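Peer 1: Below you'll find the structure I mean.
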Amino acid sequence: MSATHDGGRQEVPVIETTTPSEPTAPDAVRNISPAAAGLPPEIRAKMALALDVDDLVEALRLARRLSPWFGVAKVGLELFVAAGPDVVGALIDNGFEVFLDLKLHDIPSTVRKAANVSGALGVRYLSLHAQGGDEMLRAGVEGLYAGARNAGLSEPMAVAITVLTSDADAPAHIVPNRLRSAVEAGCSGIICSGVDLKTVRELSPRTLRVVPGIRGAGADSHDQPFPITPEQAIKDGADLLVVGRAVTLAPDPAAAAALLFKDVE
Ligand code: C5P
């Protein structure tokens with residue numbers, strides 16, 4: 001059975017945050033964190049869950065479990081290689097928008113064709129690597145739009161990767177240069193680290209800003225050199241927040257999501 005957004009809420013444990021000095025129920029009900037019940041629809045739509053697993057069943061289980069917090073499911077290389085394109089339809093059937101994070105980077109003709117197929121699958125977002133240059137990016141955008149149009153679907157968004165956020169040594173001029181290249185090629189969005197958010201917003205206010213590296217304050221940042229909390233990312237202008245290991249590696253992913261988003265408004 002497909003999980004609906006509302007249906008997913010029933011599975012979420014309620015986390016109470018009463019302090020010893022607080023009165024007991026019914027007043028204690030006021031102290032239940034809103035994040036424990038999921039996020040409001042407009043915030044949930046900004047949250048992309050990175051399903052970096054190698055199994056379709058596990059991916060769907062995680063996605064359904066975390067659906068109160070995430071409106072977008074991100075399919076990266078690992079899951080796509082393991083499960084193939086069917087994973088996109090399965091996630092859409094479960095009520096998610098899909099971010100296909102294939103970081104396309106090849107000759108323009110190949111990128112155009114891969115983007116075309118992606119568009120026909122019904123993805124909402126597709127990533128292209130801006131290192132591939134203007135012509136490649138333009139081919140990707142055109143292919144993506146054509147694929148969706150020919151399948152009778154609404155227009156998806158091409159998002160360009162500036163630099164991988166695991167690369168802390170990228171020179172400073174790279175992000176503005178690649179942003180310009182992506183915008184000129186017709187990309188709708190840019191993927192950048194939290195430290196580049198303000199610059200990207202200043203240089204191109206209307207470009208969708210996608211930010212990986214989301215972590216709770218003081219949490220393990222793994223290989224992300226520029227972790228940023230969700231509330232700070234939103235404050236700095238993030239439109240789509242990519243969250244992976246901060247919740248997927250937790251023993252209780254739903255509790256981890258509730259904790260991660262406890263200060264998000
Ligand atoms: O687990 P974590 O929250 O660090 O996941 C980050 C996700 O964002 C991964 O799926 C990774 O592929 C993706 N990503 C990234 N840096 C980019 C683009 C995408 O880390 N520039």
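To be explicit about the labels: the chains of the structure tokens are called A, B, and onward in the order shown, and within each one the residues are counted from 1, while ligands get numbers from 1 in the order they are shown.
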Could you please extract the residues within 9 Å of ligand 1, counting only C-alpha atoms and all ligand atoms, and hand them back as a PDB file with N, CA and C atoms, in the first residue's frame?

Peer 2:
ATOM      1  N   LEU A  49      15.336  13.958   1.085  1.00  0.00           N
ATOM      2  CA  LEU A  49      15.964  12.840   1.790  1.00  0.00           C
ATOM      3  C   LEU A  49      16.890  12.094   0.830  1.00  0.00           C
ATOM      4  N   ALA A  50      18.189  12.070   1.169  1.00  0.00           N
ATOM      5  CA  ALA A  50      19.174  11.367   0.321  1.00  0.00           C
ATOM      6  C   ALA A  50      19.111   9.874   0.634  1.00  0.00           C
ATOM      7  N   LEU A  51      18.516   9.136  -0.289  1.00  0.00           N
ATOM      8  CA  LEU A  51      18.345   7.692  -0.085  1.00  0.00           C
ATOM      9  C   LEU A  51      19.589   6.964  -0.591  1.00  0.00           C
ATOM     10  N   ASP A  52      20.669   7.116   0.133  1.00  0.00           N
ATOM     11  CA  ASP A  52      21.934   6.510  -0.291  1.00  0.00           C
ATOM     12  C   ASP A  52      22.040   5.089   0.264  1.00  0.00           C
ATOM     13  N   LYS A  74      15.637  11.906  -2.748  1.00  0.00           N
ATOM     14  CA  LYS A  74      16.787  12.039  -3.654  1.00  0.00           C
ATOM     15  C   LYS A  74      17.359  10.647  -3.966  1.00  0.00           C
ATOM     16  N   VAL A  75      17.410  10.360  -5.254  1.00  0.00           N
ATOM     17  CA  VAL A  75      17.980   9.092  -5.723  1.00  0.00           C
ATOM     18  C   VAL A  75      19.362   9.403  -6.280  1.00  0.00           C
ATOM     19  N   GLY A  76      20.376   8.868  -5.626  1.00  0.00           N
ATOM     20  CA  GLY A  76      21.748   9.096  -6.079  1.00  0.00           C
ATOM     21  C   GLY A  76      22.282   7.900  -6.842  1.00  0.00           C
ATOM     22  N   LEU A  77      23.565   7.950  -7.108  1.00  0.00           N
ATOM     23  CA  LEU A  77      24.181   6.920  -7.953  1.00  0.00           C
ATOM     24  C   LEU A  77      24.014   5.523  -7.373  1.00  0.00           C
ATOM     25  N   GLU A  78      24.217   5.393  -6.069  1.00  0.00           N
ATOM     26  CA  GLU A  78      24.175   4.053  -5.465  1.00  0.00           C
ATOM     27  C   GLU A  78      22.813   3.390  -5.670  1.00  0.00           C
ATOM     28  N   ASP A 101      19.722  12.500  -8.659  1.00  0.00           N
ATOM     29  CA  ASP A 101      21.037  13.128  -8.470  1.00  0.00           C
ATOM     30  C   ASP A 101      22.111  12.284  -9.160  1.00  0.00           C
ATOM     31  N   LEU A 102      22.109  12.357 -10.489  1.00  0.00           N
ATOM     32  CA  LEU A 102      23.078  11.553 -11.253  1.00  0.00           C
ATOM     33  C   LEU A 102      24.327  12.355 -11.601  1.00  0.00           C
ATOM     34  N   LYS A 103      24.322  13.646 -11.307  1.00  0.00           N
ATOM     35  CA  LYS A 103      25.492  14.503 -11.551  1.00  0.00           C
ATOM     36  C   LYS A 103      26.028  14.274 -12.956  1.00  0.00           C
ATOM     37  N   SER A 127      20.245  16.524 -11.486  1.00  0.00           N
ATOM     38  CA  SER A 127      21.515  17.253 -11.336  1.00  0.00           C
ATOM     39  C   SER A 127      22.450  16.991 -12.510  1.00  0.00           C
ATOM     40  N   HIS A 129      26.551  18.249 -13.763  1.00  0.00           N
ATOM     41  CA  HIS A 129      27.760  18.852 -13.196  1.00  0.00           C
ATOM     42  C   HIS A 129      28.202  20.054 -14.035  1.00  0.00           C
ATOM     43  N   ALA A 160      22.428  22.527 -11.226  1.00  0.00           N
ATOM     44  CA  ALA A 160      23.839  22.342 -11.561  1.00  0.00           C
ATOM     45  C   ALA A 160      24.689  22.269 -10.300  1.00  0.00           C
ATOM     46  N   ILE A 161      25.576  21.320 -10.300  1.00  0.00           N
ATOM     47  CA  ILE A 161      26.527  21.204  -9.185  1.00  0.00           C
ATOM     48  C   ILE A 161      27.684  22.162  -9.444  1.00  0.00           C
ATOM     49  N   THR A 162      28.007  22.943  -8.431  1.00  0.00           N
ATOM     50  CA  THR A 162      29.139  23.854  -8.582  1.00  0.00           C
ATOM     51  C   THR A 162      30.424  23.066  -8.316  1.00  0.00           C
ATOM     52  N   VAL A 163      30.651  22.722  -7.066  1.00  0.00           N
ATOM     53  CA  VAL A 163      31.746  21.815  -6.690  1.00  0.00           C
ATOM     54  C   VAL A 163      31.164  20.804  -5.711  1.00  0.00           C
ATOM     55  N   LEU A 164      31.711  19.610  -5.710  1.00  0.00           N
ATOM     56  CA  LEU A 164      31.247  18.636  -4.732  1.00  0.00           C
ATOM     57  C   LEU A 164      31.560  19.188  -3.354  1.00  0.00           C
ATOM     58  N   THR A 165      30.608  19.075  -2.454  1.00  0.00           N
ATOM     59  CA  THR A 165      30.820  19.680  -1.133  1.00  0.00           C
ATOM     60  C   THR A 165      31.888  18.950  -0.329  1.00  0.00           C
ATOM     61  N   SER A 166      32.311  17.777  -0.776  1.00  0.00           N
ATOM     62  CA  SER A 166      33.406  17.081  -0.099  1.00  0.00           C
ATOM     63  C   SER A 166      34.756  17.689  -0.495  1.00  0.00           C
ATOM     64  N   ASP A 167      34.743  18.584  -1.498  1.00  0.00           N
ATOM     65  CA  ASP A 167      35.989  19.193  -1.961  1.00  0.00           C
ATOM     66  C   ASP A 167      36.190  20.552  -1.292  1.00  0.00           C
ATOM     67  N   ILE A 191      23.490  23.660  -6.973  1.00  0.00           N
ATOM     68  CA  ILE A 191      23.796  22.947  -5.728  1.00  0.00           C
ATOM     69  C   ILE A 191      25.089  23.538  -5.190  1.00  0.00           C
ATOM     70  N   CYS A 192      25.036  24.034  -3.988  1.00  0.00           N
ATOM     71  CA  CYS A 192      26.225  24.653  -3.407  1.00  0.00           C
ATOM     72  C   CYS A 192      26.288  24.317  -1.929  1.00  0.00           C
ATOM     73  N   SER A 193      27.444  24.559  -1.335  1.00  0.00           N
ATOM     74  CA  SER A 193      27.573  24.281   0.093  1.00  0.00           C
ATOM     75  C   SER A 193      26.964  25.435   0.895  1.00  0.00           C
ATOM     76  N   VAL A 210      20.131  24.706  -3.739  1.00  0.00           N
ATOM     77  CA  VAL A 210      20.060  23.358  -3.164  1.00  0.00           C
ATOM     78  C   VAL A 210      21.312  23.140  -2.315  1.00  0.00           C
ATOM     79  N   VAL A 211      21.112  22.719  -1.056  1.00  0.00           N
ATOM     80  CA  VAL A 211      22.257  22.636  -0.146  1.00  0.00           C
ATOM     81  C   VAL A 211      22.372  21.267   0.526  1.00  0.00           C
ATOM     82  N   PRO A 212      23.443  20.532   0.238  1.00  0.00           N
ATOM     83  CA  PRO A 212      23.730  19.310   1.004  1.00  0.00           C
ATOM     84  C   PRO A 212      24.565  19.653   2.249  1.00  0.00           C
ATOM     85  N   GLY A 213      24.925  18.648   3.001  1.00  0.00           N
ATOM     86  CA  GLY A 213      25.766  18.888   4.183  1.00  0.00           C
ATOM     87  C   GLY A 213      24.973  19.331   5.389  1.00  0.00           C
ATOM     88  N   ILE A 214      23.699  19.014   5.438  1.00  0.00           N
ATOM     89  CA  ILE A 214      22.850  19.426   6.571  1.00  0.00           C
ATOM     90  C   ILE A 214      23.133  18.522   7.775  1.00  0.00           C
ATOM     91  N   ARG A 215      23.403  19.173   8.892  1.00  0.00           N
ATOM     92  CA  ARG A 215      23.691  18.447  10.134  1.00  0.00           C
ATOM     93  C   ARG A 215      23.131  19.223  11.325  1.00  0.00           C
ATOM     94  N   SER A 221      30.016  15.330  10.985  1.00  0.00           N
ATOM     95  CA  SER A 221      29.802  15.889   9.641  1.00  0.00           C
ATOM     96  C   SER A 221      30.255  14.924   8.543  1.00  0.00           C
ATOM     97  N   HIS A 222      30.782  13.756   8.911  1.00  0.00           N
ATOM     98  CA  HIS A 222      31.272  12.766   7.947  1.00  0.00           C
ATOM     99  C   HIS A 222      32.255  13.443   6.989  1.00  0.00           C
ATOM    100  N   ASP A 223      32.045  13.319   5.665  1.00  0.00           N
ATOM    101  CA  ASP A 223      32.994  13.924   4.724  1.00  0.00           C
ATOM    102  C   ASP A 223      32.561  15.302   4.246  1.00  0.00           C
ATOM    103  N   GLN A 224      31.599  15.909   4.919  1.00  0.00           N
ATOM    104  CA  GLN A 224      31.134  17.250   4.515  1.00  0.00           C
ATOM    105  C   GLN A 224      31.957  18.296   5.257  1.00  0.00           C
ATOM    106  N   PRO A 227      29.409  21.695   7.078  1.00  0.00           N
ATOM    107  CA  PRO A 227      28.069  21.346   7.565  1.00  0.00           C
ATOM    108  C   PRO A 227      27.304  22.597   7.961  1.00  0.00           C
ATOM    109  N   VAL A 242      19.304  19.082   1.382  1.00  0.00           N
ATOM    110  CA  VAL A 242      19.546  17.650   1.186  1.00  0.00           C
ATOM    111  C   VAL A 242      20.058  17.053   2.503  1.00  0.00           C
ATOM    112  N   VAL A 243      19.304  16.083   3.002  1.00  0.00           N
ATOM    113  CA  VAL A 243      19.655  15.450   4.280  1.00  0.00           C
ATOM    114  C   VAL A 243      19.838  13.957   4.051  1.00  0.00           C
ATOM    115  N   GLY A 244      21.012  13.468   4.410  1.00  0.00           N
ATOM    116  CA  GLY A 244      21.276  12.045   4.251  1.00  0.00           C
ATOM    117  C   GLY A 244      21.636  11.395   5.554  1.00  0.00           C
ATOM    118  N   ARG A 245      22.947  11.206   5.747  1.00  0.00           N
ATOM    119  CA  ARG A 245      23.412  10.392   6.866  1.00  0.00           C
ATOM    120  C   ARG A 245      22.971  10.885   8.239  1.00  0.00           C
ATOM    121  N   ALA A 246      22.699  12.182   8.364  1.00  0.00           N
ATOM    122  CA  ALA A 246      22.260  12.697   9.670  1.00  0.00           C
ATOM    123  C   ALA A 246      21.010  11.961  10.156  1.00  0.00           C
ATOM    124  N   VAL A 247      20.205  11.476   9.225  1.00  0.00           N
ATOM    125  CA  VAL A 247      19.031  10.690   9.656  1.00  0.00           C
ATOM    126  C   VAL A 247      19.141   9.220   9.239  1.00  0.00           C
ATOM    127  N   THR A 248      19.681   8.957   8.047  1.00  0.00           N
ATOM    128  CA  THR A 248      19.626   7.567   7.558  1.00  0.00           C
ATOM    129  C   THR A 248      20.552   6.625   8.326  1.00  0.00           C
ATOM    130  N   LEU A 249      21.631   7.164   8.917  1.00  0.00           N
ATOM    131  CA  LEU A 249      22.538   6.304   9.689  1.00  0.00           C
ATOM    132  C   LEU A 249      22.128   6.173  11.153  1.00  0.00           C
TER     133      LEU A 249
END

Peer 1: Write out as a VMD selection string the residues lying within 8 Å of Gly216 (chain A), counting only C-alpha atoms and excluding same-chain residues fewer than 5 positions away.

Peer 2: chain A and resid 228 to 230 246 260

Peer 1: For N, CA and C atoms, I'd like the residues from the last selection saved as an mmCIF file, in the first residue's frame.

Peer 2:
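The result, written out as result-v3.cif:
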data_model
loop_
_atom_site.group_PDB
_atom_site.id
_atom_site.type_symbol
_atom_site.label_atom_id
_atom_site.label_comp_id
_atom_site.auth_asym_id
_atom_site.auth_seq_id
_atom_site.Cartn_x
_atom_site.Cartn_y
_atom_site.Cartn_z
ATOM 1 N N ILE A 228 25.996 22.519 7.850
ATOM 2 C CA ILE A 228 25.156 23.656 8.216
ATOM 3 C C ILE A 228 23.857 23.115 8.809
ATOM 4 N N THR A 229 23.351 23.775 9.817
ATOM 5 C CA THR A 229 22.109 23.310 10.436
ATOM 6 C C THR A 229 20.938 23.675 9.505
ATOM 7 N N PRO A 230 19.841 22.940 9.611
ATOM 8 C CA PRO A 230 18.708 23.264 8.727
ATOM 9 C C PRO A 230 18.177 24.673 8.947
ATOM 10 N N ALA A 246 22.699 12.182 8.364
ATOM 11 C CA ALA A 246 22.260 12.697 9.670
ATOM 12 C C ALA A 246 21.010 11.961 10.156
ATOM 13 N N LEU A 260 16.632 16.754 14.435
ATOM 14 C CA LEU A 260 17.312 17.639 13.479
ATOM 15 C C LEU A 260 16.460 18.867 13.146
#

Peer 1: With DSSP run on the backbone, what are the strand (DSSP E) residues within region 87-127 of chain A? I'd like them as a PyMOL selection string.

Peer 2: chain A and resi 97-104+125-127

Peer 1: Do you know which residues are at most 8 Å from region 195-198 of chain A counting only C-alpha atoms, after dropping those on the same chain fewer than 2 positions away, and could you put them as JSON, numbers by chain?

Peer 2: {"A": [175, 192, 193, 200, 201, 202, 209, 211, 226, 233, 236, 237, 238]}

Peer 1: Write a file of the just-selected residues containing N, CA and C atoms, as a compact mmCIF listing (two decimals), in the first residue's frame.

Peer 2:
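See result.txt below for the written result:
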# COMPACT_ATOMS: atom_id res chain seq x y z
N VAL A 175 32.78 28.83 -7.78
CA VAL A 175 31.33 28.85 -7.59
C VAL A 175 30.68 29.96 -8.44
N CYS A 192 25.04 24.03 -3.99
CA CYS A 192 26.23 24.65 -3.41
C CYS A 192 26.29 24.32 -1.93
N SER A 193 27.44 24.56 -1.34
CA SER A 193 27.57 24.28 0.09
C SER A 193 26.96 25.44 0.90
N VAL A 200 25.62 33.01 -3.55
CA VAL A 200 24.75 32.59 -4.66
C VAL A 200 23.46 33.41 -4.65
N ARG A 201 22.92 33.65 -3.48
CA ARG A 201 21.69 34.45 -3.39
C ARG A 201 21.91 35.87 -3.91
N GLU A 202 23.06 36.44 -3.56
CA GLU A 202 23.36 37.81 -4.02
C GLU A 202 23.55 37.86 -5.53
N ARG A 209 18.28 27.35 -4.77
CA ARG A 209 19.52 27.00 -4.07
C ARG A 209 19.35 25.68 -3.32
N VAL A 211 21.11 22.72 -1.06
CA VAL A 211 22.26 22.64 -0.15
C VAL A 211 22.37 21.27 0.53
N PHE A 226 31.66 21.52 5.11
CA PHE A 226 30.91 22.73 5.45
C PHE A 226 29.50 22.37 5.93
N ALA A 233 20.55 27.09 7.27
CA ALA A 233 20.47 26.99 5.80
C ALA A 233 19.24 27.75 5.30
N ASP A 236 19.81 31.43 5.52
CA ASP A 236 20.75 31.93 4.51
C ASP A 236 20.22 31.79 3.08
N GLY A 237 19.01 31.28 2.94
CA GLY A 237 18.39 31.29 1.62
C GLY A 237 18.31 29.96 0.90
N ALA A 238 18.45 28.84 1.60
CA ALA A 238 18.34 27.54 0.93
C ALA A 238 16.88 27.27 0.56

Peer 1: Mind checking which residues fall within 10 Å of Ser188 (chain A), counting only C-alpha atoms, ignoring those fewer than 4 positions away in the same chain, and posting them as a list in words?

Peer 2: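 Residues near the query, excluding close chain neighbours: Tyr125, Val141, Pro156, Met157, Ala158, Val159, Ala160, Ala182, Val183, Arg206, Thr207, Leu208 and Arg209 of chain A.
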
Peer 1: Just want the 12 Å neighbourhood of Gly140 (chain A), counted on only C-alpha atoms, with same-chain residues fewer than 2 positions away dropped. Output as JSON, numbers by chain.

Peer 2: {"A": [102, 103, 104, 105, 106, 107, 108, 109, 110, 111, 112, 113, 114, 115, 116, 117, 118, 119, 125, 126, 127, 128, 129, 130, 132, 133, 134, 135, 136, 137, 138, 142, 143, 144, 145, 146, 147, 156, 157, 158, 159, 160, 182, 185, 186, 187, 188]}

Peer 1: If you keep C-alpha atoms, can you produce a file of those selected residues as a PDB file, in the first residue's frame?

Peer 2:
ATOM      1  CA  LEU A 102      23.078  11.553 -11.253  1.00  0.00           C
ATOM      2  CA  LYS A 103      25.492  14.503 -11.551  1.00  0.00           C
ATOM      3  CA  LEU A 104      25.522  14.092 -15.322  1.00  0.00           C
ATOM      4  CA  HIS A 105      28.884  14.961 -16.840  1.00  0.00           C
ATOM      5  CA  ASP A 106      29.650  13.656 -20.324  1.00  0.00           C
ATOM      6  CA  ILE A 107      29.634  14.855 -23.909  1.00  0.00           C
ATOM      7  CA  PRO A 108      26.613  17.082 -24.661  1.00  0.00           C
ATOM      8  CA  SER A 109      24.883  14.503 -26.843  1.00  0.00           C
ATOM      9  CA  THR A 110      25.021  11.826 -24.150  1.00  0.00           C
ATOM     10  CA  VAL A 111      23.886  14.214 -21.426  1.00  0.00           C
ATOM     11  CA  ARG A 112      20.983  15.397 -23.611  1.00  0.00           C
ATOM     12  CA  LYS A 113      19.790  11.831 -24.113  1.00  0.00           C
ATOM     13  CA  ALA A 114      20.194  10.803 -20.463  1.00  0.00           C
ATOM     14  CA  ALA A 115      18.376  13.968 -19.360  1.00  0.00           C
ATOM     15  CA  ASN A 116      15.624  13.271 -21.873  1.00  0.00           C
ATOM     16  CA  VAL A 117      15.012   9.814 -20.409  1.00  0.00           C
ATOM     17  CA  SER A 118      15.102  11.295 -16.884  1.00  0.00           C
ATOM     18  CA  GLY A 119      12.476  13.871 -17.844  1.00  0.00           C
ATOM     19  CA  TYR A 125      14.923  17.722 -10.207  1.00  0.00           C
ATOM     20  CA  LEU A 126      17.910  16.387 -12.154  1.00  0.00           C
ATOM     21  CA  SER A 127      21.515  17.253 -11.336  1.00  0.00           C
ATOM     22  CA  LEU A 128      24.133  18.063 -13.954  1.00  0.00           C
ATOM     23  CA  HIS A 129      27.760  18.852 -13.196  1.00  0.00           C
ATOM     24  CA  ALA A 130      28.613  22.442 -14.123  1.00  0.00           C
ATOM     25  CA  GLY A 132      30.860  19.930 -18.020  1.00  0.00           C
ATOM     26  CA  GLY A 133      30.607  23.440 -19.478  1.00  0.00           C
ATOM     27  CA  ASP A 134      27.934  25.619 -21.093  1.00  0.00           C
ATOM     28  CA  GLU A 135      27.165  23.441 -24.082  1.00  0.00           C
ATOM     29  CA  MET A 136      26.772  20.328 -21.973  1.00  0.00           C
ATOM     30  CA  LEU A 137      24.528  22.095 -19.465  1.00  0.00           C
ATOM     31  CA  ARG A 138      22.355  23.525 -22.229  1.00  0.00           C
ATOM     32  CA  GLU A 142      16.910  20.917 -23.336  1.00  0.00           C
ATOM     33  CA  GLY A 143      16.894  17.134 -23.074  1.00  0.00           C
ATOM     34  CA  LEU A 144      15.214  17.208 -19.669  1.00  0.00           C
ATOM     35  CA  TYR A 145      12.458  19.571 -20.804  1.00  0.00           C
ATOM     36  CA  ALA A 146      11.858  17.619 -24.025  1.00  0.00           C
ATOM     37  CA  GLY A 147      11.621  14.319 -22.162  1.00  0.00           C
ATOM     38  CA  PRO A 156      11.169  19.672 -14.241  1.00  0.00           C
ATOM     39  CA  MET A 157      14.214  21.568 -12.977  1.00  0.00           C
ATOM     40  CA  ALA A 158      17.828  21.076 -13.917  1.00  0.00           C
ATOM     41  CA  VAL A 159      20.131  21.844 -11.013  1.00  0.00           C
ATOM     42  CA  ALA A 160      23.839  22.342 -11.561  1.00  0.00           C
ATOM     43  CA  ALA A 182      24.509  27.273 -15.165  1.00  0.00           C
ATOM     44  CA  ALA A 185      22.536  27.508 -19.895  1.00  0.00           C
ATOM     45  CA  GLY A 186      19.004  27.681 -18.470  1.00  0.00           C
ATOM     46  CA  CYS A 187      19.432  25.661 -15.294  1.00  0.00           C
ATOM     47  CA  SER A 188      16.756  26.405 -12.688  1.00  0.00           C
TER      48      SER A 188
END

Peer 1: Go through A:Ala37, A:Ala255, A:Val87, A:Val264 and flag the residue nearest Glu231 (chain A), using only C-alpha atoms for the distances.

Peer 2: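 When distances to Glu231 (chain A) are compared using only C-alpha atoms, the smallest one comes from A:Val264.
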
Peer 1: Can you list every residue in region 113-158 of chain A that DSSP puts in alpha helix (DSSP H), as a list in words?

Peer 2: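 Going through region 113-158 of chain A, the alpha helix (DSSP H) residues come out as Lys113, Ala114, Ala115, Asn116, Val117, Ser118, Gly119, Ala120, Leu121, Asp134, Glu135, Met136, Leu137, Arg138, Ala139, Gly140, Val141, Glu142, Gly143, Leu144, Tyr145, Ala146, Gly147, Ala148, Arg149 and Asn150 of chain A.
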
Peer 1: Work out how far apart CA of Glu58 (chain A) and CA of Ala257 (chain A) are and give it in Å to one decimal.

Peer 2: 17.3 Å

Peer 1: Using only C-alpha atoms for the distances, tell me which of A:Asp239, A:Glu97, A:Asp169, A:Asp55 is nearest to Ala82 (chain A).

Peer 2: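 Selected residue with least distance to Ala82 (chain A): A:Asp55.
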
Peer 1: Would you pick out the contacts of Val88 (chain A) at 12 Å or less, using only C-alpha atoms, so that residues sharing its chain but fewer than 2 positions from it are not included, and give the list as JSON, numbers by chain?

Peer 2: {"A": [51, 56, 59, 60, 72, 73, 74, 75, 76, 79, 80, 83, 84, 85, 86, 90, 91, 92, 93, 94, 95, 96, 97, 98, 99, 100, 101, 117, 118, 119, 120, 121, 122, 123, 124, 125, 126]}

Peer 1: Of the candidates A:Leu39, A:Leu66, A:Ala48, A:Leu153, which one gets nearest to Ala256 (chain A) if we count only C-alpha atoms?

Peer 2: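 Residue with the minimum atom-to-atom distance to Ala256 (chain A): A:Leu66.
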